[in-house]
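Q: Quick one: the structure is below, questions incoming.
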Amino acid sequence: MAAIQRGGACSGIRVIELGTMVTAPLAGQLLADFGAEVIKIEPPQGEIMRGIPPVFEGRSAAFAQWNRNKKCVALDLKSPAGLAAARKLVDGADALVTNFRPDVLEAFGLDYDAVAARNPDIVYAGLTGFGPDGPYAELASYDMVIQGLVGLMPNQGGDGPPQPIKSPVADKISSYSAVMAMLAALLHRKAGGAGQKIEISMMDAYANFILPELFYTRTFLDAPPPVQWVKSIYNPFELSDGWVIGFVMTDRHFEGACDIFGLEAIRKDPRFADPGARNVYQPELMQEIAQACRQMTVAAFVELARANDLPFAPVNDLDQFMRDPQAVHNQTFVEFADPDRPELGRLKLLNSFARMSATPVDARAFAPDVGADNAEVLAAIGLTPAEIDAATRGRAVAAE
């Protein structure tokens, strides 16, 4: 595979990823973006995401979005040679991240207790749906299951049916949560502490991320019930050729909106008298602005709002966002060609969200092919060519 430049903030840290789908692979990718050497262990035929369409020239776009900047070793964990190679890799690692089922890990001797007995300094992060024990511990879990449980969907639906966020957001925030915990544990170890086990449940990670504002009315347990439930402040409205969204809360923003949109009739309305009231009655305030501006185009409205320092934006589709001048300026998306895969032509990926002056983040290495780094990685831990062949030639199915 193409050489991956190292020199990021996590340079020198070796991470083993035993992952499939999104949670562990995204966590591995984030650490790889920051310069860690991330070695993804897959079965010989590759993990399930490699088959998710669209597929071009044998490579899956879905796999590419969660697996850049890594090295890939294909091992048959159901063969003695493959399992021995995996254990040897784990025993020499600084950290491990996995979303395999605990019973699968235990059967392979790759659960925390077995690994820590051989490598006590390891930072070991296990991602599960509900945690390692409890009434749901053995249940299957996917993003939409977690979204259904955690309590946001009725709020998302408003006056209609409950609605999920149409993105694997519980998966993704679990990945980010795992990386934060792993970096904290690595800092602890660097300061003289021991390695440790980290348990991340998708249910807890998603609840911690998504519920704080819904807890405004549940914080003071001994207080009287709130007079007014806080309504959603997310209220896009339609103009002549599209939609906009914004938020008017401060006195300066409110007075400015009244001035430029001709809203004299509501300037003294008690529903909008102060920031607290405007937060409660934000939907009604947006309706007033929408009614006054219904005939304006999105471009004209946004230009007027921005010229007067009012926080509004167009509601873009993805293609519009990709052309957005700030996204272009930020290099939110990166285009490149992989010299090892010229048949793929130009590639586009999301760039890293972090801009670091001393330890640049590089997000331009395409996801590796199955077993692309077998020879390099396995030879480096002492395996002979014959041993590498024995460890990698199986047809075991992916663990989940």
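Lettering and numbering for the structure tokens are positional, with chains as A, B, ... in the shown order, residues counted from 1 in each chain, and ligands counted from 1 in the shown order.
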Run DSSP on the backbone and tell me which residues of segment 13-195 of chain A come out as alpha helix (DSSP H); list them as a PDB file with C-alpha atoms, in the first residue's frame.
A:
ATOM      1  CA  THR A  23     -17.810   1.657  15.974  1.00  0.00           C
ATOM      2  CA  ALA A  24     -14.378   0.083  16.322  1.00  0.00           C
ATOM      3  CA  PRO A  25     -13.306   0.886  12.732  1.00  0.00           C
ATOM      4  CA  LEU A  26     -14.124   4.584  13.137  1.00  0.00           C
ATOM      5  CA  ALA A  27     -12.275   4.682  16.470  1.00  0.00           C
ATOM      6  CA  GLY A  28      -9.293   3.075  14.758  1.00  0.00           C
ATOM      7  CA  GLN A  29      -9.467   5.565  11.911  1.00  0.00           C
ATOM      8  CA  LEU A  30      -9.521   8.548  14.265  1.00  0.00           C
ATOM      9  CA  LEU A  31      -6.409   7.284  16.040  1.00  0.00           C
ATOM     10  CA  ALA A  32      -4.751   6.610  12.678  1.00  0.00           C
ATOM     11  CA  ASP A  33      -5.543  10.148  11.523  1.00  0.00           C
ATOM     12  CA  ALA A  61     -17.048   3.353  -0.565  1.00  0.00           C
ATOM     13  CA  ALA A  62     -18.535   2.473   2.826  1.00  0.00           C
ATOM     14  CA  PHE A  63     -15.394   0.632   3.886  1.00  0.00           C
ATOM     15  CA  ALA A  64     -13.265   3.514   2.625  1.00  0.00           C
ATOM     16  CA  GLN A  65     -15.044   6.063   4.820  1.00  0.00           C
ATOM     17  CA  TRP A  66     -14.259   4.211   8.072  1.00  0.00           C
ATOM     18  CA  PRO A  80      -3.758 -22.096  15.245  1.00  0.00           C
ATOM     19  CA  ALA A  81      -1.252 -20.144  13.147  1.00  0.00           C
ATOM     20  CA  GLY A  82      -3.612 -17.213  12.552  1.00  0.00           C
ATOM     21  CA  LEU A  83      -4.644 -17.002  16.177  1.00  0.00           C
ATOM     22  CA  ALA A  84      -1.037 -17.184  17.346  1.00  0.00           C
ATOM     23  CA  ALA A  85      -0.142 -14.315  14.995  1.00  0.00           C
ATOM     24  CA  ALA A  86      -3.051 -12.208  16.261  1.00  0.00           C
ATOM     25  CA  ARG A  87      -2.064 -12.792  19.872  1.00  0.00           C
ATOM     26  CA  LYS A  88       1.531 -11.855  19.107  1.00  0.00           C
ATOM     27  CA  LEU A  89       0.405  -8.599  17.498  1.00  0.00           C
ATOM     28  CA  VAL A  90      -1.827  -7.767  20.457  1.00  0.00           C
ATOM     29  CA  ASP A  91       0.906  -8.623  22.948  1.00  0.00           C
ATOM     30  CA  PRO A 102     -17.199 -10.639  24.395  1.00  0.00           C
ATOM     31  CA  ASP A 103     -17.822 -14.375  23.992  1.00  0.00           C
ATOM     32  CA  VAL A 104     -15.965 -14.387  20.649  1.00  0.00           C
ATOM     33  CA  LEU A 105     -13.007 -12.565  22.186  1.00  0.00           C
ATOM     34  CA  GLU A 106     -12.931 -14.956  25.120  1.00  0.00           C
ATOM     35  CA  ALA A 107     -12.995 -17.987  22.827  1.00  0.00           C
ATOM     36  CA  TYR A 112      -9.115  -8.292  28.357  1.00  0.00           C
ATOM     37  CA  ASP A 113      -8.153 -10.691  31.124  1.00  0.00           C
ATOM     38  CA  ALA A 114      -6.262 -12.978  28.752  1.00  0.00           C
ATOM     39  CA  VAL A 115      -4.549 -10.094  26.940  1.00  0.00           C
ATOM     40  CA  ALA A 116      -3.650  -8.199  30.113  1.00  0.00           C
ATOM     41  CA  ALA A 117      -2.084 -11.347  31.591  1.00  0.00           C
ATOM     42  CA  ARG A 118       0.388 -11.231  28.695  1.00  0.00           C
ATOM     43  CA  ASP A 143     -27.666   2.134  15.872  1.00  0.00           C
ATOM     44  CA  MET A 144     -31.421   2.365  15.378  1.00  0.00           C
ATOM     45  CA  VAL A 145     -32.008   0.078  18.369  1.00  0.00           C
ATOM     46  CA  ILE A 146     -30.008   2.433  20.575  1.00  0.00           C
ATOM     47  CA  GLN A 147     -31.819   5.468  19.157  1.00  0.00           C
ATOM     48  CA  GLY A 148     -35.140   3.839  19.925  1.00  0.00           C
ATOM     49  CA  LEU A 149     -34.209   3.159  23.537  1.00  0.00           C
ATOM     50  CA  VAL A 150     -32.569   6.401  24.555  1.00  0.00           C
ATOM     51  CA  MET A 153     -37.043  10.029  18.916  1.00  0.00           C
ATOM     52  CA  PRO A 154     -40.382  11.463  20.189  1.00  0.00           C
ATOM     53  CA  ASN A 155     -38.689  14.863  20.472  1.00  0.00           C
ATOM     54  CA  GLN A 156     -37.306  14.485  16.955  1.00  0.00           C
ATOM     55  CA  GLY A 157     -40.752  13.691  15.645  1.00  0.00           C
ATOM     56  CA  VAL A 169     -25.064   8.754  15.165  1.00  0.00           C
ATOM     57  CA  ALA A 170     -25.036   6.378  18.148  1.00  0.00           C
ATOM     58  CA  ASP A 171     -22.343   4.319  16.443  1.00  0.00           C
ATOM     59  CA  LYS A 172     -20.275   7.389  15.661  1.00  0.00           C
ATOM     60  CA  ILE A 173     -20.425   9.066  19.055  1.00  0.00           C
ATOM     61  CA  SER A 174     -19.488   5.726  20.635  1.00  0.00           C
ATOM     62  CA  SER A 175     -16.346   5.735  18.478  1.00  0.00           C
ATOM     63  CA  TYR A 176     -15.431   9.273  19.505  1.00  0.00           C
ATOM     64  CA  SER A 177     -16.136   8.429  23.142  1.00  0.00           C
ATOM     65  CA  ALA A 178     -13.856   5.396  22.931  1.00  0.00           C
ATOM     66  CA  VAL A 179     -11.029   7.462  21.451  1.00  0.00           C
ATOM     67  CA  MET A 180     -11.334  10.112  24.168  1.00  0.00           C
ATOM     68  CA  ALA A 181     -11.190   7.445  26.857  1.00  0.00           C
ATOM     69  CA  MET A 182      -8.270   5.677  25.181  1.00  0.00           C
ATOM     70  CA  LEU A 183      -6.246   8.882  24.905  1.00  0.00           C
ATOM     71  CA  ALA A 184      -6.937   9.650  28.564  1.00  0.00           C
ATOM     72  CA  ALA A 185      -5.811   6.133  29.525  1.00  0.00           C
ATOM     73  CA  LEU A 186      -2.653   6.459  27.411  1.00  0.00           C
ATOM     74  CA  LEU A 187      -1.850   9.762  29.135  1.00  0.00           C
ATOM     75  CA  HIS A 188      -2.351   8.053  32.491  1.00  0.00           C
ATOM     76  CA  ARG A 189       0.008   5.287  31.459  1.00  0.00           C
ATOM     77  CA  LYS A 190       2.603   7.758  30.183  1.00  0.00           C
TER      78      LYS A 190
END
Q: Enumerate as a ChimeraX atom specification all residues of segment 125-157 of chain A assigned to strand (DSSP E or B) by DSSP on the backbone, naming them with the chain letters and numbers the document uses.
A: /A:125-128
Q: Write out as a PDB file with N, CA and C atoms, in the first residue's frame which residues come within 9 Å of Leu263 of chain A when counting only C-alpha atoms, dropping same-chain ones fewer than 5 positions away.
A:
ATOM      1  N   ALA A 257     -33.195  41.768  14.124  1.00  0.00           N
ATOM      2  CA  ALA A 257     -34.197  41.088  13.314  1.00  0.00           C
ATOM      3  C   ALA A 257     -35.438  41.951  13.137  1.00  0.00           C
ATOM      4  N   CYS A 258     -35.863  42.605  14.201  1.00  0.00           N
ATOM      5  CA  CYS A 258     -37.020  43.493  14.103  1.00  0.00           C
ATOM      6  C   CYS A 258     -36.744  44.625  13.121  1.00  0.00           C
ATOM      7  N   GLU A 288     -42.859  34.269  12.810  1.00  0.00           N
ATOM      8  CA  GLU A 288     -43.000  35.699  12.517  1.00  0.00           C
ATOM      9  C   GLU A 288     -41.996  36.122  11.445  1.00  0.00           C
ATOM     10  N   ILE A 289     -40.753  35.667  11.583  1.00  0.00           N
ATOM     11  CA  ILE A 289     -39.735  36.020  10.590  1.00  0.00           C
ATOM     12  C   ILE A 289     -40.082  35.399   9.245  1.00  0.00           C
ATOM     13  N   ALA A 292     -42.800  37.309   7.422  1.00  0.00           N
ATOM     14  CA  ALA A 292     -42.348  38.599   6.894  1.00  0.00           C
ATOM     15  C   ALA A 292     -41.452  38.444   5.675  1.00  0.00           C
TER      16      ALA A 292
END
Q: For a quick check of understanding, using only C-alpha atoms, which of A:Val22, A:Asn330, A:Val123, A:Phe56 has the smallest distance to Arg355 of chain A?
A: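 Closest to Arg355 of chain A of all the choices is A:Asn330.
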Q: Identify, on the basis of only C-alpha atoms, every residue whose closest approach to Asp362 of chain A does not exceed 10 Å; exclude the query and any residue fewer than 6 positions from it along the same chain; express the result as a ChimeraX atom specification.
A: /A:4-8,32-35,68-69,351-352,354-355
Q: Could you check which of A:Pro164, A:Pro43, A:Gly58, A:Gly371 is closest to Leu77 of chain A, using only C-alpha atoms?
A: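 Between A:Pro164, A:Pro43, A:Gly58, A:Gly371, the residue approaching Leu77 of chain A most closely is A:Pro43.
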Q: Write out as number ranges by chain the residues lying within 10 Å of segment 303-316 of chain A, counting only C-alpha atoms and excluding same-chain residues fewer than 2 positions away.
A: A: 236-238, 242-249, 252-254, 256-257, 259-261, 297-301, 318-324
Q: Generate a file of the selected residues that holds C-alpha atoms, formatted as a PDB file, in the first residue's frame.
A:
ATOM      1  CA  PRO A 236     -36.259  25.689   9.541  1.00  0.00           C
ATOM      2  CA  PHE A 237     -38.662  27.755   7.469  1.00  0.00           C
ATOM      3  CA  GLU A 238     -39.379  28.009   3.780  1.00  0.00           C
ATOM      4  CA  GLY A 242     -35.619  26.915  -0.435  1.00  0.00           C
ATOM      5  CA  TRP A 243     -35.192  26.714   3.306  1.00  0.00           C
ATOM      6  CA  VAL A 244     -33.184  28.519   5.983  1.00  0.00           C
ATOM      7  CA  ILE A 245     -32.566  27.922   9.668  1.00  0.00           C
ATOM      8  CA  GLY A 246     -31.299  30.114  12.471  1.00  0.00           C
ATOM      9  CA  PHE A 247     -31.606  31.172  16.069  1.00  0.00           C
ATOM     10  CA  VAL A 248     -32.485  34.585  17.498  1.00  0.00           C
ATOM     11  CA  MET A 249     -31.877  34.741  21.232  1.00  0.00           C
ATOM     12  CA  ARG A 252     -28.963  42.469  19.928  1.00  0.00           C
ATOM     13  CA  HIS A 253     -30.063  39.724  17.539  1.00  0.00           C
ATOM     14  CA  PHE A 254     -33.725  40.286  18.316  1.00  0.00           C
ATOM     15  CA  GLY A 256     -31.636  43.564  14.621  1.00  0.00           C
ATOM     16  CA  ALA A 257     -34.197  41.088  13.314  1.00  0.00           C
ATOM     17  CA  ASP A 259     -35.169  46.287  12.272  1.00  0.00           C
ATOM     18  CA  ILE A 260     -34.224  44.501   9.078  1.00  0.00           C
ATOM     19  CA  PHE A 261     -37.297  42.294   8.686  1.00  0.00           C
ATOM     20  CA  THR A 297     -34.928  34.084  -1.956  1.00  0.00           C
ATOM     21  CA  VAL A 298     -32.606  32.083   0.266  1.00  0.00           C
ATOM     22  CA  ALA A 299     -29.557  33.900  -1.101  1.00  0.00           C
ATOM     23  CA  ALA A 300     -31.060  37.339  -0.471  1.00  0.00           C
ATOM     24  CA  PHE A 301     -32.229  36.409   3.024  1.00  0.00           C
ATOM     25  CA  LEU A 318     -24.994  17.524   0.411  1.00  0.00           C
ATOM     26  CA  ASP A 319     -23.983  18.772  -3.034  1.00  0.00           C
ATOM     27  CA  GLN A 320     -24.633  22.361  -1.979  1.00  0.00           C
ATOM     28  CA  PHE A 321     -22.544  21.897   1.156  1.00  0.00           C
ATOM     29  CA  MET A 322     -19.689  20.433  -0.876  1.00  0.00           C
ATOM     30  CA  ARG A 323     -19.690  23.667  -2.919  1.00  0.00           C
ATOM     31  CA  ASP A 324     -20.071  25.925   0.116  1.00  0.00           C
TER      32      ASP A 324
END
Q: Write out as a ChimeraX atom specification which residues come within 10 Å of Ser141 of chain A when counting only C-alpha atoms, dropping same-chain ones fewer than 6 positions away.
A: /A:128-130,202-203
Q: With distances taken over only C-alpha atoms, which residue among A:Thr217, A:Thr392, A:Thr332, A:Gln287 lies nearest Leu239 of chain A?
A: A:Gln287
Q: From the list A:Asp133, A:Asp340, A:Glu213, A:Asp389, which residue is nearest Ile200 of chain A when using only C-alpha atoms?
A: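 Of all the options, A:Asp133 lies closest to Ile200 of chain A.
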Q: Can you work out the spacing between atom CA of Ala137 of chain A and atom CA of Arg101 of chain A in Å, to one decimal?
A: 10.0 Å
Q: Using only C-alpha atoms for the distances, tell me which of A:Asp369, A:Asp94, A:Glu37, A:Pro54 is nearest to Ala9 of chain A.
A: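 Residue with the minimum atom-to-atom distance to Ala9 of chain A: A:Glu37.
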Q: Between A:Leu152, A:Leu344, A:Ile381, A:Ala363, which residue has the minimum interatomic distance to Glu57 of chain A, considering only C-alpha atoms?
A: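 The answer is A:Leu344, which sits nearest to Glu57 of chain A.
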Q: In Å to one decimal, how far is atom CA of Leu211 of chain A from atom CA of Gly276 of chain A?
A: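 Going from atom CA of Gly276 of chain A over to atom CA of Leu211 of chain A, I get 20.0 Å.
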